[in-house]
Amino acid sequence: MRASHRPVLAIHGGAGTVSAARMTPARAARYRAALSAALRAGYGILADGGSSMDAVVAAVVVMENSPLFNAGRGAVFNADARHELDAAVMDGAGSRAGAVAAVRRIRNPVLAARVVMETTPHVLLAAAGAERIARKAGLTMVAPDYFSTASRARALARVRAQATQQARSMTAAADRHGTVGAVARDRAGNLAAATSTGGYTNKLAGRVGDSPLIGAGIYADNAACAVAATGHGESFIRAVLAYDVAARMRYGGETLAVASRRALERVATLGGDGGLVAVDRSGNLAMPFNTEGMYRGWVERGRYRVAIYR
Ligand code: ASP
């Protein structure tokens with residue numbers, strides 16, 4: 001592999017942050033430590049000359065294994081008090097992609113998304129079919145209650161207690177949503193993105209969000225950028241957010257910073273809040289969000305950074 005490009009990694013742990021007023025120093029420290037661990041896992045691979053795909057998957061696995069984020073272990077409860085998880089990966093080289101939706105027994109859904117990409121002729125597998133492929137590939141399967149944590153159970157109770165739709169929209173962002181995601185450029189100049197989520201607290205059973213939908217919550221194209229989004233999935237789907245960022249760059253000549261900001265503004269006109277992390281072919285990073293905060297971290301020129309609020 002020709003070592004001519006500077007490796008870059010950016011991750012997010014969701015735009016559904018605990019409000020700054022309720023965040024304690026100890027809690028913030030736990031989030032920062034988890035984000036740092038994800039960055040180390042991903043950037044270690046890039047620094048050693050590994051691929052951007054390996055790096056984004058490794059970073060996302062660390063966040064899936066943490067109960068702090070709404071993905072994997074810390075996934076939210078749906079309206080049936082169950083968990084249905086979505087995840088995707090996309091490789092900027094050759095536009096290869098894989099995704100799983102509404103899975104209930106795969107410990108690391110992002111690994112299953114990669115299995116779909118690498119071992120099937122399909123892009124997106126849902127529910128039992130996705131679980132069968134994951135099991136066959138030797139991925140770790142868990143009982144569905146592996147994903148049940150006390151804090152997400154309390155969030156479900158809080159959201160259910162909001163009787164009216166208006167009251168529901170006032171519910172704290174941390175109770176409503178979150179996702180994890182990662183984007184990277186490796187030494188070969190290849191871009192990749194990965195996403196994983198439990199979706200929305202109290203979502204209807206069978207609901208699939210933007211995170212496993214190529215072009216909506218995730219996109220990667222070496223000619224433009226890699227994007228991993230977080231936020232109100234229905235709005236991101238209708239805005240085709242992640243592809244919009246890439247299209248603005250390719251066809252409109254916009255910079256990554258402008259394209260990602262404008263694409264997010266468009267989501268906002270559809271009533272969607274959230275954010276994204278993105279990296280372009282030159283290694284520029286953008287991490288805009290229109291919520292109070294977004295758990296995020298990035299490594300540029302070997303320097304590790306994590307942040308929660310503005
Ligand atoms: N985008 C995710 C979904 O709608 C949730 C989130 O990122 O907050 O499933």
# chains A, B, ... in the order shown; residues from 1 in each chain; ligands from 1
call {"tool": "select_by_dssp", "arguments": {"residues": "stretch 21-221 of chain A", "states": "strand (DSSP E)", "output": "PDB file with N, CA and C atoms, in the first residue's frame"}}
result
ATOM      1  N   LEU A  85     -32.114  -3.381  16.139  1.00  0.00           N
ATOM      2  CA  LEU A  85     -30.919  -2.610  15.824  1.00  0.00           C
ATOM      3  C   LEU A  85     -30.658  -2.535  14.323  1.00  0.00           C
ATOM      4  N   ASP A  86     -30.135  -1.398  13.906  1.00  0.00           N
ATOM      5  CA  ASP A  86     -29.793  -1.161  12.502  1.00  0.00           C
ATOM      6  C   ASP A  86     -28.303  -0.802  12.410  1.00  0.00           C
ATOM      7  N   ALA A  87     -27.647  -1.202  11.325  1.00  0.00           N
ATOM      8  CA  ALA A  87     -26.244  -0.816  11.133  1.00  0.00           C
ATOM      9  C   ALA A  87     -25.880  -0.897   9.659  1.00  0.00           C
ATOM     10  N   ALA A  88     -24.835  -0.176   9.288  1.00  0.00           N
ATOM     11  CA  ALA A  88     -24.382  -0.210   7.896  1.00  0.00           C
ATOM     12  C   ALA A  88     -22.898   0.114   7.798  1.00  0.00           C
ATOM     13  N   VAL A  89     -22.313  -0.325   6.690  1.00  0.00           N
ATOM     14  CA  VAL A  89     -20.948   0.080   6.337  1.00  0.00           C
ATOM     15  C   VAL A  89     -20.951   0.454   4.865  1.00  0.00           C
ATOM     16  N   MET A  90     -20.065   1.387   4.503  1.00  0.00           N
ATOM     17  CA  MET A  90     -19.904   1.682   3.084  1.00  0.00           C
ATOM     18  C   MET A  90     -18.447   2.003   2.808  1.00  0.00           C
ATOM     19  N   ASP A  91     -17.968   1.424   1.721  1.00  0.00           N
ATOM     20  CA  ASP A  91     -16.578   1.553   1.305  1.00  0.00           C
ATOM     21  C   ASP A  91     -16.528   2.559   0.157  1.00  0.00           C
ATOM     22  N   ARG A  96     -19.011  -0.081  -2.460  1.00  0.00           N
ATOM     23  CA  ARG A  96     -19.551  -1.309  -1.873  1.00  0.00           C
ATOM     24  C   ARG A  96     -20.228  -0.954  -0.553  1.00  0.00           C
ATOM     25  N   ALA A  97     -21.332  -1.659  -0.257  1.00  0.00           N
ATOM     26  CA  ALA A  97     -22.047  -1.338   0.977  1.00  0.00           C
ATOM     27  C   ALA A  97     -22.752  -2.573   1.518  1.00  0.00           C
ATOM     28  N   GLY A  98     -22.980  -2.576   2.824  1.00  0.00           N
ATOM     29  CA  GLY A  98     -23.734  -3.648   3.463  1.00  0.00           C
ATOM     30  C   GLY A  98     -24.481  -3.087   4.660  1.00  0.00           C
ATOM     31  N   ALA A  99     -25.641  -3.675   4.957  1.00  0.00           N
ATOM     32  CA  ALA A  99     -26.434  -3.156   6.076  1.00  0.00           C
ATOM     33  C   ALA A  99     -27.339  -4.236   6.641  1.00  0.00           C
ATOM     34  N   VAL A 100     -27.692  -4.047   7.914  1.00  0.00           N
ATOM     35  CA  VAL A 100     -28.698  -4.911   8.544  1.00  0.00           C
ATOM     36  C   VAL A 100     -29.726  -4.012   9.220  1.00  0.00           C
ATOM     37  N   ALA A 101     -30.968  -4.491   9.276  1.00  0.00           N
ATOM     38  CA  ALA A 101     -32.033  -3.706   9.894  1.00  0.00           C
ATOM     39  C   ALA A 101     -32.861  -4.593  10.812  1.00  0.00           C
ATOM     40  N   ALA A 102     -33.322  -3.995  11.903  1.00  0.00           N
ATOM     41  CA  ALA A 102     -34.244  -4.655  12.832  1.00  0.00           C
ATOM     42  C   ALA A 102     -33.727  -6.008  13.311  1.00  0.00           C
ATOM     43  N   VAL A 103     -32.438  -6.054  13.658  1.00  0.00           N
ATOM     44  CA  VAL A 103     -31.892  -7.305  14.191  1.00  0.00           C
ATOM     45  C   VAL A 103     -31.952  -7.284  15.717  1.00  0.00           C
ATOM     46  N   LEU A 124     -28.789  -4.869   1.825  1.00  0.00           N
ATOM     47  CA  LEU A 124     -29.488  -4.730   3.105  1.00  0.00           C
ATOM     48  C   LEU A 124     -30.292  -5.985   3.425  1.00  0.00           C
ATOM     49  N   LEU A 125     -29.991  -6.591   4.565  1.00  0.00           N
ATOM     50  CA  LEU A 125     -30.779  -7.740   5.041  1.00  0.00           C
ATOM     51  C   LEU A 125     -31.444  -7.356   6.362  1.00  0.00           C
ATOM     52  N   ALA A 126     -32.689  -7.795   6.529  1.00  0.00           N
ATOM     53  CA  ALA A 126     -33.437  -7.432   7.732  1.00  0.00           C
ATOM     54  C   ALA A 126     -33.736  -8.652   8.598  1.00  0.00           C
ATOM     55  N   VAL A 180     -24.310   5.624  16.740  1.00  0.00           N
ATOM     56  CA  VAL A 180     -22.872   5.826  16.678  1.00  0.00           C
ATOM     57  C   VAL A 180     -22.447   5.743  15.220  1.00  0.00           C
ATOM     58  N   GLY A 181     -21.352   6.409  14.908  1.00  0.00           N
ATOM     59  CA  GLY A 181     -20.889   6.385  13.531  1.00  0.00           C
ATOM     60  C   GLY A 181     -19.418   6.729  13.453  1.00  0.00           C
ATOM     61  N   ALA A 182     -18.803   6.377  12.337  1.00  0.00           N
ATOM     62  CA  ALA A 182     -17.394   6.684  12.133  1.00  0.00           C
ATOM     63  C   ALA A 182     -17.117   6.881  10.647  1.00  0.00           C
ATOM     64  N   VAL A 183     -16.192   7.782  10.359  1.00  0.00           N
ATOM     65  CA  VAL A 183     -15.719   7.975   8.980  1.00  0.00           C
ATOM     66  C   VAL A 183     -14.198   8.030   9.019  1.00  0.00           C
ATOM     67  N   ALA A 184     -13.557   7.580   7.959  1.00  0.00           N
ATOM     68  CA  ALA A 184     -12.093   7.588   7.953  1.00  0.00           C
ATOM     69  C   ALA A 184     -11.536   7.682   6.548  1.00  0.00           C
ATOM     70  N   ARG A 185     -10.318   8.207   6.481  1.00  0.00           N
ATOM     71  CA  ARG A 185      -9.517   8.112   5.263  1.00  0.00           C
ATOM     72  C   ARG A 185      -8.229   7.399   5.646  1.00  0.00           C
ATOM     73  N   LEU A 191     -11.801   6.121   1.462  1.00  0.00           N
ATOM     74  CA  LEU A 191     -12.737   6.591   2.482  1.00  0.00           C
ATOM     75  C   LEU A 191     -13.675   5.451   2.874  1.00  0.00           C
ATOM     76  N   ALA A 192     -14.167   5.487   4.104  1.00  0.00           N
ATOM     77  CA  ALA A 192     -15.167   4.504   4.541  1.00  0.00           C
ATOM     78  C   ALA A 192     -16.021   5.122   5.634  1.00  0.00           C
ATOM     79  N   ALA A 193     -17.237   4.580   5.780  1.00  0.00           N
ATOM     80  CA  ALA A 193     -18.145   5.040   6.830  1.00  0.00           C
ATOM     81  C   ALA A 193     -18.844   3.843   7.450  1.00  0.00           C
ATOM     82  N   ALA A 194     -19.222   3.981   8.727  1.00  0.00           N
ATOM     83  CA  ALA A 194     -19.985   2.936   9.421  1.00  0.00           C
ATOM     84  C   ALA A 194     -20.965   3.595  10.377  1.00  0.00           C
ATOM     85  N   THR A 195     -22.142   2.984  10.536  1.00  0.00           N
ATOM     86  CA  THR A 195     -23.155   3.482  11.467  1.00  0.00           C
ATOM     87  C   THR A 195     -23.758   2.302  12.234  1.00  0.00           C
ATOM     88  N   SER A 196     -24.281   2.582  13.432  1.00  0.00           N
ATOM     89  CA  SER A 196     -24.981   1.546  14.188  1.00  0.00           C
ATOM     90  C   SER A 196     -25.907   2.228  15.181  1.00  0.00           C
ATOM     91  N   THR A 197     -27.121   1.708  15.323  1.00  0.00           N
ATOM     92  CA  THR A 197     -28.087   2.391  16.194  1.00  0.00           C
ATOM     93  C   THR A 197     -29.144   1.455  16.747  1.00  0.00           C
ATOM     94  N   ILE A 218     -25.860   7.209   5.869  1.00  0.00           N
ATOM     95  CA  ILE A 218     -24.463   6.814   5.617  1.00  0.00           C
ATOM     96  C   ILE A 218     -24.174   6.890   4.120  1.00  0.00           C
ATOM     97  N   TYR A 219     -22.956   7.296   3.792  1.00  0.00           N
ATOM     98  CA  TYR A 219     -22.540   7.278   2.402  1.00  0.00           C
ATOM     99  C   TYR A 219     -21.018   7.393   2.348  1.00  0.00           C
ATOM    100  N   ALA A 220     -20.411   6.787   1.340  1.00  0.00           N
ATOM    101  CA  ALA A 220     -18.965   6.951   1.133  1.00  0.00           C
ATOM    102  C   ALA A 220     -18.653   6.800  -0.342  1.00  0.00           C
TER     103      ALA A 220
END
call {"tool": "residues_near_ligand", "arguments": {"ligand": "ligand 1", "cutoff": "6 Å", "atoms": "only C-alpha atoms and all ligand atoms", "output": "number ranges by chain"}}
result
A: 14, 16, 177-179, 199-200, 209-211, 230-233
call {"tool": "residues_around", "arguments": {"residues": "A:Ala247", "least_positions_apart": "5", "cutoff": "9 Å", "atoms": "only C-alpha atoms", "output": "PyMOL selection string"}}
result
chain A and resi 224+242+252-253+259
call {"tool": "select_by_dssp", "arguments": {"residues": "stretch 10-170 of chain A", "states": "helix (DSSP H, G or I)", "output": "PyMOL selection string"}}
result
chain A and resi 25-47+52-64+72-74+109-119+127-136+144-147+150-161+165-169
call {"tool": "closest_atom_pairs", "arguments": {"of": "stretch 99-119 of chain A", "to": "stretch 34-58 of chain A", "cutoff": "9 Å", "atoms": "only C-alpha atoms", "output": "JSON lines"}}
result
{"residue": "A:Val110", "atom": "CA", "partner": "A:Val57", "partner_atom": "CA", "distance": 6.6}
{"residue": "A:Leu111", "atom": "CA", "partner": "A:Val57", "partner_atom": "CA", "distance": 7.1}
{"residue": "A:Arg114", "atom": "CA", "partner": "A:Val57", "partner_atom": "CA", "distance": 8.3}
call {"tool": "write_last_selection", "arguments": {"atoms": "all heavy atoms", "output": "PDB file, in the first residue's frame"}}
result
ATOM      1  N   VAL A 110     -22.755  -3.902  13.420  1.00  0.00           N
ATOM      2  CA  VAL A 110     -21.884  -3.365  12.364  1.00  0.00           C
ATOM      3  C   VAL A 110     -21.064  -4.474  11.702  1.00  0.00           C
ATOM      4  O   VAL A 110     -20.774  -4.411  10.500  1.00  0.00           O
ATOM      5  CB  VAL A 110     -20.983  -2.222  12.902  1.00  0.00           C
ATOM      6  CG1 VAL A 110     -19.854  -2.763  13.790  1.00  0.00           C
ATOM      7  CG2 VAL A 110     -20.424  -1.384  11.752  1.00  0.00           C
ATOM      8  N   LEU A 111     -20.710  -5.496  12.501  1.00  0.00           N
ATOM      9  CA  LEU A 111     -19.967  -6.620  11.915  1.00  0.00           C
ATOM     10  C   LEU A 111     -20.859  -7.393  10.945  1.00  0.00           C
ATOM     11  O   LEU A 111     -20.400  -7.885   9.908  1.00  0.00           O
ATOM     12  CB  LEU A 111     -19.446  -7.551  13.012  1.00  0.00           C
ATOM     13  CG  LEU A 111     -18.428  -6.951  13.987  1.00  0.00           C
ATOM     14  CD1 LEU A 111     -18.038  -7.979  15.049  1.00  0.00           C
ATOM     15  CD2 LEU A 111     -17.182  -6.469  13.238  1.00  0.00           C
ATOM     16  N   ARG A 114     -21.056  -5.671   7.662  1.00  0.00           N
ATOM     17  CA  ARG A 114     -19.879  -5.966   6.842  1.00  0.00           C
ATOM     18  C   ARG A 114     -19.971  -7.353   6.212  1.00  0.00           C
ATOM     19  O   ARG A 114     -19.549  -7.556   5.064  1.00  0.00           O
ATOM     20  CB  ARG A 114     -18.608  -5.834   7.690  1.00  0.00           C
ATOM     21  CG  ARG A 114     -17.368  -5.915   6.839  1.00  0.00           C
ATOM     22  CD  ARG A 114     -16.126  -5.571   7.599  1.00  0.00           C
ATOM     23  NE  ARG A 114     -14.997  -5.532   6.690  1.00  0.00           N
ATOM     24  CZ  ARG A 114     -13.782  -5.145   7.027  1.00  0.00           C
ATOM     25  NH1 ARG A 114     -13.545  -4.744   8.257  1.00  0.00           N
ATOM     26  NH2 ARG A 114     -12.806  -5.155   6.150  1.00  0.00           N
TER      27      ARG A 114
END
call {"tool": "atom_distance", "arguments": {"atom1": "atom CA of A:Val61", "atom2": "atom CA of A:Ala10"}}
result
14.3 Å
call {"tool": "residues_around", "arguments": {"residues": "A:Met23", "least_positions_apart": "6", "cutoff": "12 Å", "atoms": "only C-alpha atoms", "output": "mmCIF file with N, CA, C and O atoms, in the first residue's frame"}}
result
data_model
loop_
_atom_site.group_PDB
_atom_site.id
_atom_site.type_symbol
_atom_site.label_atom_id
_atom_site.label_comp_id
_atom_site.auth_asym_id
_atom_site.auth_seq_id
_atom_site.Cartn_x
_atom_site.Cartn_y
_atom_site.Cartn_z
ATOM 1 N N THR A 17 -27.506 13.920 23.091
ATOM 2 C CA THR A 17 -26.678 14.014 24.294
ATOM 3 C C THR A 17 -27.536 14.326 25.515
ATOM 4 O O THR A 17 -28.609 14.909 25.406
ATOM 5 N N ALA A 29 -16.903 12.395 31.913
ATOM 6 C CA ALA A 29 -15.618 11.682 31.859
ATOM 7 C C ALA A 29 -15.808 10.277 31.296
ATOM 8 O O ALA A 29 -14.966 9.774 30.539
ATOM 9 N N ARG A 30 -16.941 9.643 31.644
ATOM 10 C CA ARG A 30 -17.210 8.295 31.105
ATOM 11 C C ARG A 30 -17.406 8.346 29.589
ATOM 12 O O ARG A 30 -16.893 7.498 28.864
ATOM 13 N N TYR A 31 -18.145 9.351 29.132
ATOM 14 C CA TYR A 31 -18.339 9.479 27.679
ATOM 15 C C TYR A 31 -17.015 9.758 26.968
ATOM 16 O O TYR A 31 -16.719 9.187 25.916
ATOM 17 N N ALA A 174 -31.690 13.064 24.787
ATOM 18 C CA ALA A 174 -31.021 11.819 25.183
ATOM 19 C C ALA A 174 -32.013 10.665 25.305
ATOM 20 O O ALA A 174 -31.667 9.509 25.102
ATOM 21 N N GLY A 293 -25.833 19.190 21.666
ATOM 22 C CA GLY A 293 -24.496 18.597 21.653
ATOM 23 C C GLY A 293 -24.453 17.398 20.738
ATOM 24 O O GLY A 293 -25.485 16.962 20.197
ATOM 25 N N ILE A 308 -18.266 17.226 23.466
ATOM 26 C CA ILE A 308 -19.682 16.875 23.647
ATOM 27 C C ILE A 308 -20.576 18.037 23.212
ATOM 28 O O ILE A 308 -21.466 17.883 22.388
ATOM 29 N N TYR A 309 -20.333 19.221 23.744
ATOM 30 C CA TYR A 309 -21.166 20.379 23.395
ATOM 31 C C TYR A 309 -20.423 21.254 22.406
ATOM 32 O O TYR A 309 -19.382 20.899 21.916
#
call {"tool": "closest_residue", "arguments": {"among": "A:Leu270, A:Arg152, A:Asn222, A:Ser4", "to": "A:Asn70", "atoms": "only C-alpha atoms"}}
result
A:Arg152
call {"tool": "residues_around", "arguments": {"residues": "A:Ala229", "least_positions_apart": "3", "cutoff": "6 Å", "atoms": "only C-alpha atoms", "output": "number ranges by chain"}}
result
A: 217, 275-276
call {"tool": "write_last_selection", "arguments": {"atoms": "N, CA, C and O atoms", "output": "short mmCIF file (atom, residue, chain, number, x, y, z; two decimals), in the first residue's frame"}}
result
data_model
loop_
_atom_site.label_atom_id
_atom_site.label_comp_id
_atom_site.auth_asym_id
_atom_site.auth_seq_id
_atom_site.Cartn_x
_atom_site.Cartn_y
_atom_site.Cartn_z
N GLY A 217 -28.49 7.81 6.03
CA GLY A 217 -27.68 8.02 7.23
C GLY A 217 -26.21 7.75 7.02
O GLY A 217 -25.39 8.02 7.90
N GLY A 275 -27.01 15.58 13.53
CA GLY A 275 -25.70 16.01 13.10
C GLY A 275 -25.03 14.93 12.27
O GLY A 275 -25.66 13.92 11.91
N LEU A 276 -23.78 15.17 11.94
CA LEU A 276 -23.05 14.18 11.13
C LEU A 276 -21.55 14.37 11.33
O LEU A 276 -21.10 15.43 11.77
#
call {"tool": "closest_residue", "arguments": {"among": "A:Cys225, A:Ala268, A:Ala157, A:Ala26", "to": "A:Asp280", "atoms": "only C-alpha atoms"}}
result
A:Cys225
call {"tool": "closest_residue", "arguments": {"among": "A:Ala33, A:Val240, A:Ala59, A:Ala286", "to": "A:Arg261", "atoms": "only C-alpha atoms"}}
result
A:Ala286
call {"tool": "atom_distance", "arguments": {"atom1": "atom CA of A:Gly198", "atom2": "atom CA of A:Pro109"}}
result
10.0 Å
call {"tool": "atom_distance", "arguments": {"atom1": "atom CA of A:Asp273", "atom2": "atom CA of A:Asn190"}}
result
29.3 Å
call {"tool": "decode", "arguments": {"residues": "stretch 276-298 of chain A", "atoms": "N, CA and C atoms", "output": "PDB file, in the first residue's frame"}}
result
ATOM      1  N   LEU A 276     -23.778  15.167  11.938  1.00  0.00           N
ATOM      2  CA  LEU A 276     -23.052  14.182  11.129  1.00  0.00           C
ATOM      3  C   LEU A 276     -21.549  14.372  11.325  1.00  0.00           C
ATOM      4  N   VAL A 277     -20.804  13.333  11.008  1.00  0.00           N
ATOM      5  CA  VAL A 277     -19.353  13.475  10.872  1.00  0.00           C
ATOM      6  C   VAL A 277     -19.021  13.099   9.435  1.00  0.00           C
ATOM      7  N   ALA A 278     -18.063  13.814   8.851  1.00  0.00           N
ATOM      8  CA  ALA A 278     -17.716  13.564   7.453  1.00  0.00           C
ATOM      9  C   ALA A 278     -16.246  13.872   7.207  1.00  0.00           C
ATOM     10  N   VAL A 279     -15.682  13.143   6.259  1.00  0.00           N
ATOM     11  CA  VAL A 279     -14.306  13.398   5.838  1.00  0.00           C
ATOM     12  C   VAL A 279     -14.278  13.383   4.314  1.00  0.00           C
ATOM     13  N   ASP A 280     -13.512  14.283   3.715  1.00  0.00           N
ATOM     14  CA  ASP A 280     -13.448  14.284   2.247  1.00  0.00           C
ATOM     15  C   ASP A 280     -12.139  13.677   1.755  1.00  0.00           C
ATOM     16  N   ARG A 281     -11.998  13.582   0.453  1.00  0.00           N
ATOM     17  CA  ARG A 281     -10.848  12.903  -0.141  1.00  0.00           C
ATOM     18  C   ARG A 281      -9.534  13.593   0.199  1.00  0.00           C
ATOM     19  N   SER A 282      -9.601  14.901   0.530  1.00  0.00           N
ATOM     20  CA  SER A 282      -8.379  15.621   0.912  1.00  0.00           C
ATOM     21  C   SER A 282      -8.072  15.490   2.395  1.00  0.00           C
ATOM     22  N   GLY A 283      -8.976  14.803   3.124  1.00  0.00           N
ATOM     23  CA  GLY A 283      -8.737  14.623   4.558  1.00  0.00           C
ATOM     24  C   GLY A 283      -9.335  15.719   5.422  1.00  0.00           C
ATOM     25  N   ASN A 284     -10.143  16.620   4.817  1.00  0.00           N
ATOM     26  CA  ASN A 284     -10.831  17.634   5.624  1.00  0.00           C
ATOM     27  C   ASN A 284     -11.949  16.967   6.420  1.00  0.00           C
ATOM     28  N   LEU A 285     -12.202  17.491   7.611  1.00  0.00           N
ATOM     29  CA  LEU A 285     -13.279  16.965   8.455  1.00  0.00           C
ATOM     30  C   LEU A 285     -14.374  18.004   8.630  1.00  0.00           C
ATOM     31  N   ALA A 286     -15.620  17.530   8.752  1.00  0.00           N
ATOM     32  CA  ALA A 286     -16.735  18.408   9.133  1.00  0.00           C
ATOM     33  C   ALA A 286     -17.580  17.644  10.138  1.00  0.00           C
ATOM     34  N   MET A 287     -18.046  18.338  11.187  1.00  0.00           N
ATOM     35  CA  MET A 287     -18.846  17.686  12.235  1.00  0.00           C
ATOM     36  C   MET A 287     -19.974  18.602  12.697  1.00  0.00           C
ATOM     37  N   PRO A 288     -20.829  19.057  11.769  1.00  0.00           N
ATOM     38  CA  PRO A 288     -21.897  19.983  12.172  1.00  0.00           C
ATOM     39  C   PRO A 288     -23.032  19.259  12.895  1.00  0.00           C
ATOM     40  N   PHE A 289     -23.740  19.986  13.759  1.00  0.00           N
ATOM     41  CA  PHE A 289     -24.950  19.443  14.405  1.00  0.00           C
ATOM     42  C   PHE A 289     -25.835  20.609  14.796  1.00  0.00           C
ATOM     43  N   ASN A 290     -27.139  20.350  14.850  1.00  0.00           N
ATOM     44  CA  ASN A 290     -28.067  21.424  15.225  1.00  0.00           C
ATOM     45  C   ASN A 290     -28.816  21.089  16.511  1.00  0.00           C
ATOM     46  N   THR A 291     -28.246  20.189  17.284  1.00  0.00           N
ATOM     47  CA  THR A 291     -28.766  19.851  18.608  1.00  0.00           C
ATOM     48  C   THR A 291     -27.870  20.535  19.640  1.00  0.00           C
ATOM     49  N   GLU A 292     -28.206  20.341  20.914  1.00  0.00           N
ATOM     50  CA  GLU A 292     -27.394  20.995  21.950  1.00  0.00           C
ATOM     51  C   GLU A 292     -25.962  20.466  21.942  1.00  0.00           C
ATOM     52  N   GLY A 293     -25.833  19.190  21.666  1.00  0.00           N
ATOM     53  CA  GLY A 293     -24.496  18.597  21.653  1.00  0.00           C
ATOM     54  C   GLY A 293     -24.453  17.398  20.738  1.00  0.00           C
ATOM     55  N   MET A 294     -23.264  16.898  20.530  1.00  0.00           N
ATOM     56  CA  MET A 294     -23.084  15.634  19.792  1.00  0.00           C
ATOM     57  C   MET A 294     -21.795  15.019  20.335  1.00  0.00           C
ATOM     58  N   TYR A 295     -21.926  13.825  20.910  1.00  0.00           N
ATOM     59  CA  TYR A 295     -20.713  13.136  21.364  1.00  0.00           C
ATOM     60  C   TYR A 295     -19.848  12.905  20.139  1.00  0.00           C
ATOM     61  N   ARG A 296     -18.591  13.348  20.183  1.00  0.00           N
ATOM     62  CA  ARG A 296     -17.774  13.202  18.977  1.00  0.00           C
ATOM     63  C   ARG A 296     -16.291  13.172  19.313  1.00  0.00           C
ATOM     64  N   GLY A 297     -15.516  12.673  18.376  1.00  0.00           N
ATOM     65  CA  GLY A 297     -14.082  12.631  18.561  1.00  0.00           C
ATOM     66  C   GLY A 297     -13.411  12.555  17.206  1.00  0.00           C
ATOM     67  N   TRP A 298     -12.184  12.994  17.130  1.00  0.00           N
ATOM     68  CA  TRP A 298     -11.488  12.949  15.854  1.00  0.00           C
ATOM     69  C   TRP A 298      -9.983  12.891  16.080  1.00  0.00           C
TER      70      TRP A 298
END
